[in-house]
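Student: I'd like to ask you about the structure that follows.
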Amino acid sequence: MEKIPILRMGSFLLVTIQVDMHDRLAVQLQDDLTQNISDHDATGVLIDISSLEIVDSFIGRMLANIAAMARVLDAETVVVGMQPAVAITLVELGMSLSGVRTALNVESGMELLYEIRGNFHSDQDNEISQA
Amino acid sequence: MSRLPEILRQHESEIYANWLREMTSAVRRSDLLSEKQLQGESKELLTAIVEGAKSGDVANLENPAWEPAKELLQSVSARRAQSGFSPSETATYILSLKRPIFEAIRKELGAKADELFSEIWTATLMIDKLALITAEAFQSTREQLITRQQQDMLELSTPVVKLWDGILALPIIGTLDSARTQVVMESLLGAVVQTNSRVAIIDITGVPTVDTLVAQHLLKTITAARLMGAECIISGVRPQIAQTIVHLGIDLSQVITKAKLSDAFALALQKSGRAVVRTTPERSPVLGNRLAANKEPKE
């Protein structure tokens, strides 16, 4: 079964959505991501949706939900690289994703996360490097 | 059975010559159409009309035999609408065919008053219908022209300007309606992606009135830009507009608003970690020295 990979970068998690999102994939991503956040004590989640060309209200709500869930687990979510057409569609659907932070691309998204969280490398990493 | 088709066929060259003479200077407009073009056009049209009349259905242009004549007439009329003929000039072109045809009919049936009258009536019906087709084609061409110009204006009126690296400005001139908002939104978001801009300034100095609908459209655009990771600043809010916004109860608390474009630009520079500094010291105007007015933004 196809799955969206979740990469760990220090204390941040990087999710790149490169396939068309269908509903089951979205639910699967929610499960995986929350599991990963708690497993790795992640403090930031970066979701790159630059290859996502089609959205519906379900995917929009899923993005908002992921951000809300991450916040409960004490992690900030940044959605980056939204296409103009996708943004217009979400606005027309009445979804402003007010709880989600956004950035233009992965680079500025990482900067934003770093600004919010400060510590790019988690304590665990330091322990490993010390050992 | 009408004798008109036969008369038309027999007198075709004569009608053509008379028709050309009939088209006086008012219709000719040699500045818009050359003599040669006019002759060619008229000859072709007359032949098509004679062909159409052959069907026997002289006054009924629905007959398929009339199709070539109708098409030709429509294209002639459309061409004239595009090159700037007036509607009456275009209509007179086909209406001036009346007299030559009537003359030809009189030549044939001059002695028989009853037949003469009925043939003239048939010819009138035919030419009137042709004239109506001309007018319709003229009108529809003009309408297409207007629609295209409206679209052009829509695109021209929403320029996105790059003020600095990462700072865009969008001066909106004129009222924002749904169709324009769509264009504004698309061009702004496209420019945000293209130039990698984090701040976009929407300047509404040129928007005459802001009502709830316009405000809603603005908010939509701002939300869409935010979703992509760009921040929007509204500038150019005139005092009256500020009053209207508050009176209407429009909530702009989520949006940064500035009175002037320069204020918004200063804020945008600040947000991107830049500042405007003076490079030469300001001198007293009393001494007559020129003021160092060039405020160059420095990174």
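Within each chain, counting starts at residue 1; across the structure tokens, chains are named A, B, ... in the order shown, with ligands numbered 1 upward in that order.
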What are the residues of chain A that have an atom within 10 Å of an atom of chain B, counting only C-alpha atoms, as a VMD selection string?
Tutor: chain A and resid 50 78 to 92 94 to 98 100 to 105 108 to 109
Student: Excluding same-chain residues fewer than 5 positions from range 232-249 of chain B, what lies within 7 Å of it counting only C-alpha atoms, as a count of residues only?
Tutor: 18
Student: If we count only C-alpha atoms, what is near Trp164 in chain B at a cut-off of 12 Å, once residues fewer than 3 positions away on the same chain are taken out, given as a ChimeraX atom specification?
Tutor: /B:161,167-169,195-201,265-266,268-269,272,274,296-299
Student: Within 7 Å of Ser157 in chain B, counting only C-alpha atoms, which residues show up once you throw out same-chain ones fewer than 3 positions away? Write them as a count of residues only, please.
Tutor: 3
Student: Pick out the residues sitting within 12 Å of Asp23 in chain A, and hand them over as a PyMOL selection string; count only C-alpha atoms, and ignore anything fewer than 6 positions along from it in its own chain.
Tutor: chain A and resi 29-30+55-63
Student: Please dump the current selection as a PDB file, in the first residue's frame; keep N, CA and C atoms.
Tutor:
ATOM      1  N   LEU A  29      -1.915   9.256   6.838  1.00  0.00           N
ATOM      2  CA  LEU A  29      -0.889  10.252   7.167  1.00  0.00           C
ATOM      3  C   LEU A  29      -1.109  10.812   8.570  1.00  0.00           C
ATOM      4  N   GLN A  30      -2.360  11.057   8.902  1.00  0.00           N
ATOM      5  CA  GLN A  30      -2.676  11.550  10.248  1.00  0.00           C
ATOM      6  C   GLN A  30      -2.165  10.583  11.310  1.00  0.00           C
ATOM      7  N   VAL A  55      -7.235  19.801  -4.435  1.00  0.00           N
ATOM      8  CA  VAL A  55      -7.666  19.673  -3.038  1.00  0.00           C
ATOM      9  C   VAL A  55      -9.178  19.663  -2.988  1.00  0.00           C
ATOM     10  N   ASP A  56      -9.696  19.057  -1.948  1.00  0.00           N
ATOM     11  CA  ASP A  56     -11.122  19.202  -1.686  1.00  0.00           C
ATOM     12  C   ASP A  56     -11.266  19.584  -0.217  1.00  0.00           C
ATOM     13  N   SER A  57     -12.503  19.726   0.213  1.00  0.00           N
ATOM     14  CA  SER A  57     -12.710  20.186   1.580  1.00  0.00           C
ATOM     15  C   SER A  57     -12.151  19.178   2.585  1.00  0.00           C
ATOM     16  N   PHE A  58     -12.164  17.890   2.212  1.00  0.00           N
ATOM     17  CA  PHE A  58     -11.668  16.867   3.132  1.00  0.00           C
ATOM     18  C   PHE A  58     -10.166  17.043   3.371  1.00  0.00           C
ATOM     19  N   ILE A  59      -9.417  17.228   2.273  1.00  0.00           N
ATOM     20  CA  ILE A  59      -7.968  17.397   2.400  1.00  0.00           C
ATOM     21  C   ILE A  59      -7.669  18.683   3.176  1.00  0.00           C
ATOM     22  N   GLY A  60      -8.465  19.724   2.878  1.00  0.00           N
ATOM     23  CA  GLY A  60      -8.288  20.984   3.587  1.00  0.00           C
ATOM     24  C   GLY A  60      -8.497  20.802   5.081  1.00  0.00           C
ATOM     25  N   ARG A  61      -9.561  20.080   5.434  1.00  0.00           N
ATOM     26  CA  ARG A  61      -9.840  19.866   6.851  1.00  0.00           C
ATOM     27  C   ARG A  61      -8.759  19.006   7.478  1.00  0.00           C
ATOM     28  N   MET A  62      -8.249  18.038   6.672  1.00  0.00           N
ATOM     29  CA  MET A  62      -7.200  17.176   7.190  1.00  0.00           C
ATOM     30  C   MET A  62      -5.957  17.993   7.565  1.00  0.00           C
ATOM     31  N   LEU A  63      -5.601  18.949   6.718  1.00  0.00           N
ATOM     32  CA  LEU A  63      -4.435  19.794   7.014  1.00  0.00           C
ATOM     33  C   LEU A  63      -4.652  20.559   8.315  1.00  0.00           C
TER      34      LEU A  63
END
Student: Within chain A, find each residue whose DSSP state, derived from the backbone, is alpha helix (DSSP H), and express the selection as a PyMOL selection string.
Tutor: chain A and resi 23-40+57-72+84-92+106-117+123-130
Student: Please list as a ChimeraX atom specification every residue within 7 Å of range 68-74 of chain B, counting only C-alpha atoms and excluding residues in the same chain fewer than 4 positions away.
Tutor: /B:45,48-49,52,78,133-134,137
Student: For the selection you just gave me, I'd like the residues written to a file as a PDB file, in the first residue's frame, keeping N, CA and C atoms.
Tutor:
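Full text of out-v7.pdb as output:
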ATOM      1  N   LEU B  45     -20.952  39.117 -54.244  1.00  0.00           N
ATOM      2  CA  LEU B  45     -22.200  39.124 -53.489  1.00  0.00           C
ATOM      3  C   LEU B  45     -23.398  39.043 -54.428  1.00  0.00           C
ATOM      4  N   ALA B  48     -23.873  35.666 -55.798  1.00  0.00           N
ATOM      5  CA  ALA B  48     -24.435  34.777 -54.783  1.00  0.00           C
ATOM      6  C   ALA B  48     -25.929  35.027 -54.615  1.00  0.00           C
ATOM      7  N   ILE B  49     -26.345  36.310 -54.718  1.00  0.00           N
ATOM      8  CA  ILE B  49     -27.767  36.635 -54.572  1.00  0.00           C
ATOM      9  C   ILE B  49     -28.554  36.058 -55.743  1.00  0.00           C
ATOM     10  N   GLY B  52     -28.924  32.478 -55.207  1.00  0.00           N
ATOM     11  CA  GLY B  52     -29.910  32.223 -54.167  1.00  0.00           C
ATOM     12  C   GLY B  52     -31.315  32.369 -54.698  1.00  0.00           C
ATOM     13  N   ALA B  78     -19.144  41.862 -41.205  1.00  0.00           N
ATOM     14  CA  ALA B  78     -18.226  41.753 -40.072  1.00  0.00           C
ATOM     15  C   ALA B  78     -16.938  42.512 -40.368  1.00  0.00           C
ATOM     16  N   ILE B 133     -29.983  40.904 -42.125  1.00  0.00           N
ATOM     17  CA  ILE B 133     -28.845  40.018 -41.847  1.00  0.00           C
ATOM     18  C   ILE B 133     -27.571  40.837 -41.683  1.00  0.00           C
ATOM     19  N   THR B 134     -27.412  41.828 -42.566  1.00  0.00           N
ATOM     20  CA  THR B 134     -26.225  42.685 -42.492  1.00  0.00           C
ATOM     21  C   THR B 134     -26.153  43.386 -41.142  1.00  0.00           C
ATOM     22  N   ALA B 137     -25.271  40.942 -38.339  1.00  0.00           N
ATOM     23  CA  ALA B 137     -23.858  40.545 -38.361  1.00  0.00           C
ATOM     24  C   ALA B 137     -22.979  41.691 -37.861  1.00  0.00           C
TER      25      ALA B 137
END
Student: Can you list, as an MDAnalysis selection string, every protein, DNA or RNA residue that comes within 8 Å of Val15 in chain A when you count only C-alpha atoms, leaving out same-chain residues fewer than 5 positions away?
Tutor: chainID A and resid 4:7 45:48
Student: Go ahead and save the picked residues with C-alpha atoms, as a tab-separated table (two decimals), in the first residue's frame.
Tutor:
chain	number	residue	atom	x	y	z
A	4	ILE	CA	3.54	9.18	2.44
A	5	PRO	CA	7.10	9.18	3.78
A	6	ILE	CA	7.85	11.14	6.94
A	7	LEU	CA	11.47	12.26	7.25
A	45	VAL	CA	6.22	19.53	11.41
A	46	LEU	CA	6.79	20.82	7.91
A	47	ILE	CA	4.32	19.72	5.25
A	48	ASP	CA	5.37	20.42	1.67
